[in-house]
>>> print(open('work07.cif').read())   # mmCIF, C-alpha atoms (C1' of nucleotides)
data_data
loop_
_atom_site.label_atom_id
_atom_site.label_comp_id
_atom_site.auth_asym_id
_atom_site.auth_seq_id
_atom_site.Cartn_x
_atom_site.Cartn_y
_atom_site.Cartn_z
CA MET A 22 -27.94 -32.26 -153.51
CA SER A 23 -29.29 -32.03 -157.01
CA VAL A 24 -29.94 -35.61 -158.01
CA ALA A 25 -33.63 -35.73 -158.81
CA MET A 26 -34.92 -32.26 -158.18
CA PRO A 27 -37.48 -31.41 -160.86
CA GLU A 28 -38.76 -28.51 -158.78
CA LYS A 29 -36.99 -25.53 -160.26
CA ARG A 30 -36.53 -22.41 -158.22
CA ALA A 31 -39.45 -20.05 -158.56
CA GLU A 32 -38.82 -17.63 -161.39
CA VAL A 33 -41.44 -15.29 -160.02
CA CYS A 34 -42.63 -15.11 -156.47
CA GLN A 35 -45.91 -16.81 -155.94
CA GLU A 36 -47.81 -14.52 -153.66
CA GLU A 37 -48.36 -11.99 -156.42
CA CYS A 38 -45.89 -9.83 -154.62
CA PHE A 39 -48.28 -8.01 -152.33
CA HIS A 40 -49.73 -5.42 -154.67
CA PRO A 41 -50.76 -6.81 -158.04
CA GLU A 42 -52.64 -3.62 -158.89
CA MET A 43 -49.42 -1.65 -158.68
CA LEU A 44 -47.78 -4.26 -160.83
CA ALA A 45 -50.50 -4.07 -163.46
CA LYS A 46 -50.34 -0.30 -163.35
CA ALA A 47 -46.57 -0.32 -163.78
CA LYS A 48 -46.84 -2.69 -166.72
CA LYS A 49 -49.42 -0.50 -168.41
CA ALA A 50 -47.43 2.67 -167.90
CA MET A 51 -44.28 1.27 -169.49
CA LEU A 52 -42.93 3.30 -172.37
CA PRO A 53 -42.71 1.52 -175.72
CA GLU A 54 -39.68 -0.71 -176.22
CA GLU A 55 -38.23 1.57 -178.87
CA THR A 56 -38.33 4.58 -176.59
CA LEU A 57 -36.68 2.64 -173.78
CA HIS A 58 -34.00 1.48 -176.17
CA ASP A 59 -33.28 5.00 -177.36
CA LEU A 60 -33.30 6.25 -173.78
CA ALA A 61 -30.72 3.68 -172.75
CA GLU A 62 -28.58 4.67 -175.72
CA LEU A 63 -28.88 8.32 -174.77
CA PHE A 64 -27.71 7.71 -171.20
CA LYS A 65 -25.02 5.37 -172.43
CA ALA A 66 -23.70 8.20 -174.58
CA LEU A 67 -23.61 10.44 -171.51
CA GLY A 68 -22.10 7.76 -169.31
CA ASP A 69 -18.40 8.23 -169.82
CA HIS A 70 -15.90 10.43 -168.09
CA THR A 71 -14.44 11.91 -171.26
CA ARG A 72 -17.83 12.58 -172.81
CA VAL A 73 -19.20 14.20 -169.65
CA LYS A 74 -16.19 16.47 -169.67
CA ILE A 75 -16.86 17.39 -173.29
CA LEU A 76 -20.46 18.23 -172.52
CA ASN A 77 -19.46 20.27 -169.53
CA ALA A 78 -17.04 22.22 -171.72
CA LEU A 79 -19.78 22.82 -174.30
CA HIS A 80 -22.26 23.93 -171.67
CA HIS A 81 -21.87 27.64 -172.33
CA SER A 82 -20.67 27.84 -175.90
CA GLU A 83 -19.71 25.88 -178.94
CA LEU A 84 -16.08 24.84 -179.31
CA CYS A 85 -14.04 23.31 -182.11
CA VAL A 86 -12.29 19.98 -181.81
CA CYS A 87 -8.92 21.42 -181.00
CA ASP A 88 -10.42 23.65 -178.34
CA LEU A 89 -11.74 20.49 -176.79
CA THR A 90 -8.40 18.71 -176.95
CA SER A 91 -7.01 21.68 -175.06
CA VAL A 92 -9.71 21.62 -172.38
CA LEU A 93 -9.56 17.87 -171.95
CA GLU A 94 -5.80 17.55 -172.35
CA MET A 95 -6.30 14.54 -174.54
CA ASN A 96 -5.11 13.77 -178.02
CA GLN A 97 -7.24 14.68 -181.00
CA SER A 98 -8.03 11.13 -182.00
CA ALA A 99 -9.52 10.20 -178.66
CA VAL A 100 -11.61 13.37 -178.64
CA SER A 101 -12.87 12.79 -182.17
CA HIS A 102 -13.84 9.22 -181.35
CA GLN A 103 -15.90 10.39 -178.39
CA LEU A 104 -17.46 13.19 -180.40
CA ARG A 105 -18.55 10.56 -182.86
CA VAL A 106 -20.37 8.71 -180.10
CA LEU A 107 -22.04 11.92 -178.96
CA ARG A 108 -23.07 12.75 -182.51
CA ALA A 109 -24.48 9.28 -183.08
CA GLY A 110 -26.45 9.58 -179.85
CA LYS A 111 -27.84 12.97 -180.90
CA VAL A 112 -26.27 14.58 -177.89
CA VAL A 113 -24.26 17.17 -179.77
CA LYS A 114 -24.48 18.76 -183.18
CA SER A 115 -21.69 20.03 -185.37
CA ARG A 116 -21.14 22.89 -187.71
CA LYS A 117 -18.32 23.12 -190.20
CA GLU A 118 -16.47 26.39 -190.75
CA GLY A 119 -13.45 26.24 -192.97
CA LYS A 120 -11.04 23.71 -191.58
CA ASN A 121 -12.73 23.67 -188.22
CA VAL A 122 -15.74 21.80 -186.94
CA PHE A 123 -17.62 23.41 -184.09
CA TYR A 124 -19.59 21.30 -181.69
CA SER A 125 -22.45 22.32 -179.43
CA LEU A 126 -25.07 20.65 -177.28
CA ASP A 127 -27.92 19.32 -179.37
CA ASP A 128 -30.71 21.09 -177.51
CA VAL A 129 -31.93 22.34 -174.17
CA HIS A 130 -32.74 18.81 -172.98
CA ILE A 131 -29.07 17.92 -172.89
CA GLN A 132 -28.33 21.03 -170.87
CA GLN A 133 -31.06 20.08 -168.44
CA LEU A 134 -29.78 16.54 -168.10
CA ILE A 135 -26.33 17.82 -167.22
CA GLU A 136 -27.73 20.34 -164.77
CA ILE A 137 -30.06 17.96 -162.98
CA GLY A 138 -27.46 15.24 -162.93
CA SER A 139 -24.93 17.62 -161.41
CA GLU A 140 -27.40 18.72 -158.76
CA HIS A 141 -27.99 15.11 -157.89
CA VAL A 142 -24.37 14.08 -157.49
CA ILE A 143 -23.49 17.27 -155.63
CA GLU A 144 -26.33 16.67 -153.20
CA GLN A 145 -25.17 13.10 -152.71
CA ALA A 146 -21.62 14.28 -152.07
CA HIS A 147 -22.59 16.86 -149.48
CA GLY A 148 -24.04 15.25 -146.37
CA LYS A 149 -27.38 13.51 -146.84
CA LYS A 150 -25.43 10.37 -146.11
CA MET B 1 8.82 4.53 -187.86
CA SER B 2 10.54 7.18 -185.82
CA VAL B 3 13.94 7.63 -187.42
CA ALA B 4 14.42 11.34 -187.83
CA MET B 5 11.01 12.93 -187.68
CA PRO B 6 11.15 15.62 -185.02
CA GLU B 7 8.00 17.23 -186.41
CA LYS B 8 5.22 15.56 -184.47
CA ARG B 9 1.66 16.14 -185.52
CA ALA B 10 0.21 19.14 -183.80
CA GLU B 11 -1.46 18.05 -180.58
CA VAL B 12 -3.36 21.29 -180.44
CA CYS B 13 -4.20 23.53 -183.33
CA GLN B 14 -1.92 26.45 -183.61
CA GLU B 15 -4.18 29.33 -184.40
CA GLU B 16 -5.63 29.37 -180.90
CA CYS B 17 -8.73 27.98 -182.46
CA PHE B 18 -10.46 31.22 -183.31
CA HIS B 19 -11.85 32.23 -179.94
CA PRO B 20 -9.40 31.84 -177.09
CA GLU B 21 -11.68 33.84 -174.76
CA MET B 22 -14.39 31.23 -175.13
CA LEU B 23 -11.81 28.56 -174.46
CA ALA B 24 -10.59 30.28 -171.30
CA LYS B 25 -14.18 30.76 -170.19
CA ALA B 26 -15.01 27.11 -170.79
CA LYS B 27 -11.95 26.02 -168.84
CA LYS B 28 -12.90 28.22 -165.92
CA ALA B 29 -16.48 27.02 -165.85
CA MET B 30 -15.56 23.34 -165.69
CA LEU B 31 -17.04 21.48 -162.77
CA PRO B 32 -14.55 19.89 -160.36
CA GLU B 33 -13.10 16.55 -161.43
CA GLU B 34 -14.88 14.71 -158.66
CA THR B 35 -18.28 16.00 -159.72
CA LEU B 36 -17.61 15.08 -163.35
CA HIS B 37 -16.56 11.62 -162.26
CA ASP B 38 -19.71 11.11 -160.21
CA LEU B 39 -21.82 12.49 -163.03
CA ALA B 40 -20.33 10.03 -165.50
CA GLU B 41 -20.98 7.21 -163.04
CA LEU B 42 -24.57 8.35 -162.63
CA PHE B 43 -25.25 8.35 -166.36
CA LYS B 44 -23.39 5.07 -166.74
CA ALA B 45 -25.77 3.57 -164.20
CA LEU B 46 -28.69 4.83 -166.27
CA GLY B 47 -27.16 3.73 -169.56
CA ASP B 48 -28.37 0.18 -169.92
CA HIS B 49 -31.52 -1.24 -171.46
CA THR B 50 -32.42 -3.41 -168.47
CA ARG B 51 -31.79 -0.66 -165.96
CA VAL B 52 -33.77 1.91 -167.93
CA LYS B 53 -36.64 -0.53 -167.96
CA ILE B 54 -36.39 -0.97 -164.21
CA LEU B 55 -36.47 2.78 -163.68
CA ASN B 56 -39.41 3.14 -165.99
CA ALA B 57 -41.27 0.49 -164.00
CA LEU B 58 -40.46 2.28 -160.76
CA HIS B 59 -41.55 5.64 -162.10
CA HIS B 60 -44.96 5.65 -160.39
CA SER B 61 -44.52 3.38 -157.41
CA GLU B 62 -42.12 1.18 -155.55
CA LEU B 63 -41.96 -2.49 -156.53
CA CYS B 64 -40.32 -5.55 -155.04
CA VAL B 65 -37.73 -7.61 -156.87
CA CYS B 66 -40.13 -10.24 -158.03
CA ASP B 67 -42.55 -7.62 -159.33
CA LEU B 68 -39.66 -6.37 -161.41
CA THR B 69 -38.80 -9.82 -162.74
CA SER B 70 -42.42 -10.02 -163.85
CA VAL B 71 -42.38 -6.63 -165.58
CA LEU B 72 -39.02 -7.23 -167.23
CA GLU B 73 -39.58 -10.90 -167.97
CA MET B 74 -36.06 -11.65 -166.85
CA ASN B 75 -34.76 -14.04 -164.24
CA GLN B 76 -34.31 -12.90 -160.70
CA SER B 77 -30.54 -13.08 -160.72
CA ALA B 78 -30.15 -10.72 -163.65
CA VAL B 79 -32.57 -8.25 -162.09
CA SER B 80 -30.78 -8.34 -158.73
CA HIS B 81 -27.43 -7.76 -160.38
CA GLN B 82 -28.75 -4.67 -162.13
CA LEU B 83 -30.45 -3.43 -158.98
CA ARG B 84 -27.09 -3.64 -157.31
CA VAL B 85 -25.62 -1.32 -159.93
CA LEU B 86 -28.51 1.11 -159.47
CA ARG B 87 -28.09 1.02 -155.70
CA ALA B 88 -24.35 1.60 -155.94
CA GLY B 89 -24.99 4.57 -158.24
CA LYS B 90 -27.51 6.07 -155.82
CA VAL B 91 -30.21 5.84 -158.44
CA VAL B 92 -32.65 3.74 -156.43
CA LYS B 93 -33.16 3.07 -152.75
CA SER B 94 -34.47 -0.06 -151.11
CA ARG B 95 -36.68 -0.90 -148.19
CA LYS B 96 -36.95 -4.32 -146.62
CA GLU B 97 -40.31 -5.66 -145.52
CA GLY B 98 -40.35 -9.25 -144.35
CA LYS B 99 -38.99 -11.43 -147.09
CA ASN B 100 -39.41 -8.75 -149.72
CA VAL B 101 -37.21 -5.85 -150.70
CA PHE B 102 -38.98 -2.88 -152.26
CA TYR B 103 -37.14 -0.59 -154.60
CA SER B 104 -37.98 2.98 -155.54
CA LEU B 105 -36.32 5.88 -157.34
CA ASP B 106 -33.82 7.64 -155.12
CA ASP B 107 -35.29 11.12 -155.47
CA VAL B 108 -37.04 13.54 -157.78
CA HIS B 109 -33.86 14.15 -159.80
CA ILE B 110 -33.96 10.64 -161.13
CA GLN B 111 -37.59 11.08 -162.15
CA GLN B 112 -36.66 14.28 -163.94
CA LEU B 113 -33.76 12.64 -165.75
CA ILE B 114 -36.05 9.92 -167.04
CA GLU B 115 -38.70 12.41 -168.06
CA ILE B 116 -36.38 14.81 -169.84
CA GLY B 117 -34.49 11.98 -171.48
CA SER B 118 -37.75 10.49 -172.73
CA GLU B 119 -38.86 13.82 -174.13
CA HIS B 120 -35.58 14.11 -175.96
CA VAL B 121 -35.63 10.71 -177.61
CA ILE B 122 -39.32 10.98 -178.48
CA GLU B 123 -38.69 14.34 -180.14
CA GLN B 124 -35.79 12.86 -182.05
CA ALA B 125 -37.93 9.95 -183.18
CA HIS B 126 -40.77 12.10 -184.43
CA GLY B 127 -39.76 14.22 -187.36
CA LYS B 128 -37.19 16.92 -186.63
CA LYS B 129 -34.92 14.86 -188.83
"C1'" DC C 14 -35.52 -27.71 -135.80
"C1'" DA C 15 -35.87 -28.19 -141.23
"C1'" DT C 16 -37.95 -26.22 -145.24
"C1'" DT C 17 -39.44 -22.80 -148.26
"C1'" DT C 18 -39.39 -18.31 -150.14
"C1'" DA C 19 -37.27 -13.86 -151.70
"C1'" DC C 20 -33.29 -11.96 -152.66
"C1'" DA C 21 -28.04 -11.41 -153.08
"C1'" DT C 22 -23.73 -12.63 -154.97
"C1'" DG C 23 -19.37 -15.06 -156.74
"C1'" DA C 24 -17.56 -17.23 -160.93
"C1'" DA C 25 -17.39 -17.85 -165.73
"C1'" DT C 26 -18.06 -16.29 -170.30
"C1'" DA C 27 -19.26 -13.59 -174.14
"C1'" DT C 28 -19.68 -9.14 -175.73
"C1'" DG C 29 -18.95 -4.15 -175.58
"C1'" DT C 30 -15.98 -0.19 -175.30
"C1'" DG C 31 -12.12 3.45 -174.76
"C1'" DA C 32 -7.42 4.87 -175.81
"C1'" DT C 33 -3.72 4.60 -179.03
"C1'" DC C 34 -1.58 4.27 -183.50
"C1'" DA C 35 -1.66 4.79 -188.18
"C1'" DT C 36 -3.80 6.67 -191.85
"C1'" DA C 37 -7.49 8.89 -194.65
"C1'" DT C 38 -10.05 13.09 -196.02
"C1'" DA C 39 -11.04 17.89 -196.59
"C1'" DT C 40 -9.81 22.62 -196.58
"C1'" DT C 41 -6.57 26.25 -197.07
"C1'" DA C 42 -2.20 28.21 -198.35
"C1'" DA C 43 2.04 28.48 -200.94
"C1'" DT D 29 0.08 21.18 -207.75
"C1'" DT D 30 2.22 20.30 -203.32
"C1'" DA D 31 2.21 20.95 -198.53
"C1'" DA D 32 0.23 21.83 -194.17
"C1'" DT D 33 -3.59 21.88 -191.03
"C1'" DA D 34 -7.96 20.18 -188.75
"C1'" DT D 35 -10.62 16.47 -188.28
"C1'" DA D 36 -12.36 11.61 -189.01
"C1'" DT D 37 -11.83 6.78 -188.83
"C1'" DG D 38 -10.25 1.73 -189.14
"C1'" DA D 39 -7.56 -1.65 -186.46
"C1'" DT D 40 -5.88 -3.32 -182.29
"C1'" DC D 41 -5.69 -4.38 -177.50
"C1'" DA D 42 -6.68 -4.09 -172.79
"C1'" DC D 43 -10.36 -3.71 -169.88
"C1'" DA D 44 -15.22 -3.26 -168.43
"C1'" DT D 45 -19.72 -5.27 -168.14
"C1'" DA D 46 -24.28 -8.06 -168.77
"C1'" DT D 47 -26.16 -12.46 -168.44
"C1'" DT D 48 -26.30 -17.15 -166.75
"C1'" DC D 49 -25.50 -20.70 -163.40
"C1'" DA D 50 -24.77 -22.11 -158.96
"C1'" DT D 51 -24.93 -21.14 -154.43
"C1'" DG D 52 -25.36 -18.26 -150.17
"C1'" DT D 53 -28.31 -15.82 -146.78
"C1'" DA D 54 -32.21 -14.05 -144.24
"C1'" DA D 55 -37.02 -14.28 -143.07
"C1'" DA D 56 -41.15 -16.86 -142.52
"C1'" DT D 57 -43.56 -21.14 -141.93
"C1'" DG D 58 -44.54 -25.76 -140.52
#
>>> encode(input="work07.cif", output="structure tokens")
Amino acid sequence: MSVAMPEKRAEVCQEECFHPEMLAKAKKAMLPEETLHDLAELFKALGDHTRVKILNALHHSELCVCDLTSVLEMNQSAVSHQLRVLRAGKVVKSRKEGKNVFYSLDDVHIQQLIEIGSEHVIEQAHGKK
Amino acid sequence: MSVAMPEKRAEVCQEECFHPEMLAKAKKAMLPEETLHDLAELFKALGDHTRVKILNALHHSELCVCDLTSVLEMNQSAVSHQLRVLRAGKVVKSRKEGKNVFYSLDDVHIQQLIEIGSEHVIEQAHGKK
DNA sequence: CATTTACATGAATATGTGATCATATATTAA
DNA sequence: TTAATATATGATCACATATTCATGTAAATG
């Protein structure tokens, strides 16, 4: 095979994929590139075991870095590095008080994301298989 | 390093970090490890530019793979690979019809995650700096 | 049957990322 | 000032992951 085969594999199916109106509609309803980019970055910031644990710990109240090292049972450096990612992704905010820095969830959206996400995975875990 | 330095750096701050009750409360309220793990995997599945774009395209209606290659302007292989990740993470579901496979968001939670996440990043982008 | 179409997937590669170690900075105390 | 404490951060390394290429598979069609 593959000696003189100029016919490349179809990059897009040729039958207009059954419902071109839906396709056109979907294309029109796409969020702007920048928003999609930021959205991916947001979820990427949430998409790590350590960071999810941090957010879960911050769900009810602010905590300082060393509180978090205690909850997570991880060393301070690792926690700080992850907090940096969460700060950069506007997922948490920080407040300095003396030698301590207190972290909390950035806003109610983050709380909602954690809550809805938890509901989802818990539902998946229980039955519904 | 490490000749006679018994004094290791404090792994946890020594003053009980100002509010030990909050700490105890946070520890108690932690979701089970398994849930946190699944939650991180869920967000990880959402945390990619290509996959966010796929979910955005699927927001209003199901689409087949080649519809998606058209919306994303990516080759079919790359799209299929990402769909596999979304399937594994229970983010989308699929339905076979003849030669085509139609994908749609798994449930309303996923829609909500996209909506709330979008709100968040749009708010961040507009002012509020 | 053989061919085409729509999709899935293994391998390879380049890039991204998390934990650790060492160290820097800032705040407080002595 | 010097020392100690709380946190931040650069460098490194091991590992994960996204895209591409090539190929496999299932359904429809001739």
>>> resolve_selection(input="work07.cif", expression="the PyMOL selection byres ((chain B) within 12 of (chain C))", output="list in words")
Met1, Asp48, Cys64, Val65, Cys66, Asp67, Thr69, Asn75, Gln76, Ser77, Ala78, Val79, Ser80, His81, Gln82, Leu83, Arg84, Lys96, Glu97, Gly98, Lys99, Asn100, Val101 and Phe102 of chain B
>>> calpha_fit_rmsd(input="work07.cif", fixed="chain A", moving="chain B")
0.9 Å
>>> resolve_selection(input="work07.cif", expression="the PyMOL selection byres ((chain B) within 7 of (chain A))", output="MDAnalysis selection string")
chainID B and resid 11:13 17 23 26:27 30 35:41 43:44 46:49 52:53 56:57 66:67 69:71 75:76 109 113 116:118 120:122
>>> interface_residues(input="work07.cif", of="chain D", to="chain A", cutoff="9 Å", atoms="all atoms listed in the file", output="PDB file with C-alpha atoms (C1' of nucleotides), in the frame of the given file")
ATOM      1  C1'  DT D  33      -3.590  21.880-191.030  1.00  0.00           C
ATOM      2  C1'  DA D  34      -7.960  20.180-188.750  1.00  0.00           C
ATOM      3  C1'  DT D  35     -10.620  16.470-188.280  1.00  0.00           C
ATOM      4  C1'  DA D  36     -12.360  11.610-189.010  1.00  0.00           C
ATOM      5  C1'  DT D  37     -11.830   6.780-188.830  1.00  0.00           C
TER       6       DT D  37
END
>>> atom_distance(input="work07.cif", atom1="atom C1' of D:DT45", atom2="atom CA of B:Ala88")
14.7 Å
>>> atom_distance(input="work07.cif", atom1="atom CA of A:Ser115", atom2="atom C1' of D:DA32")
23.7 Å
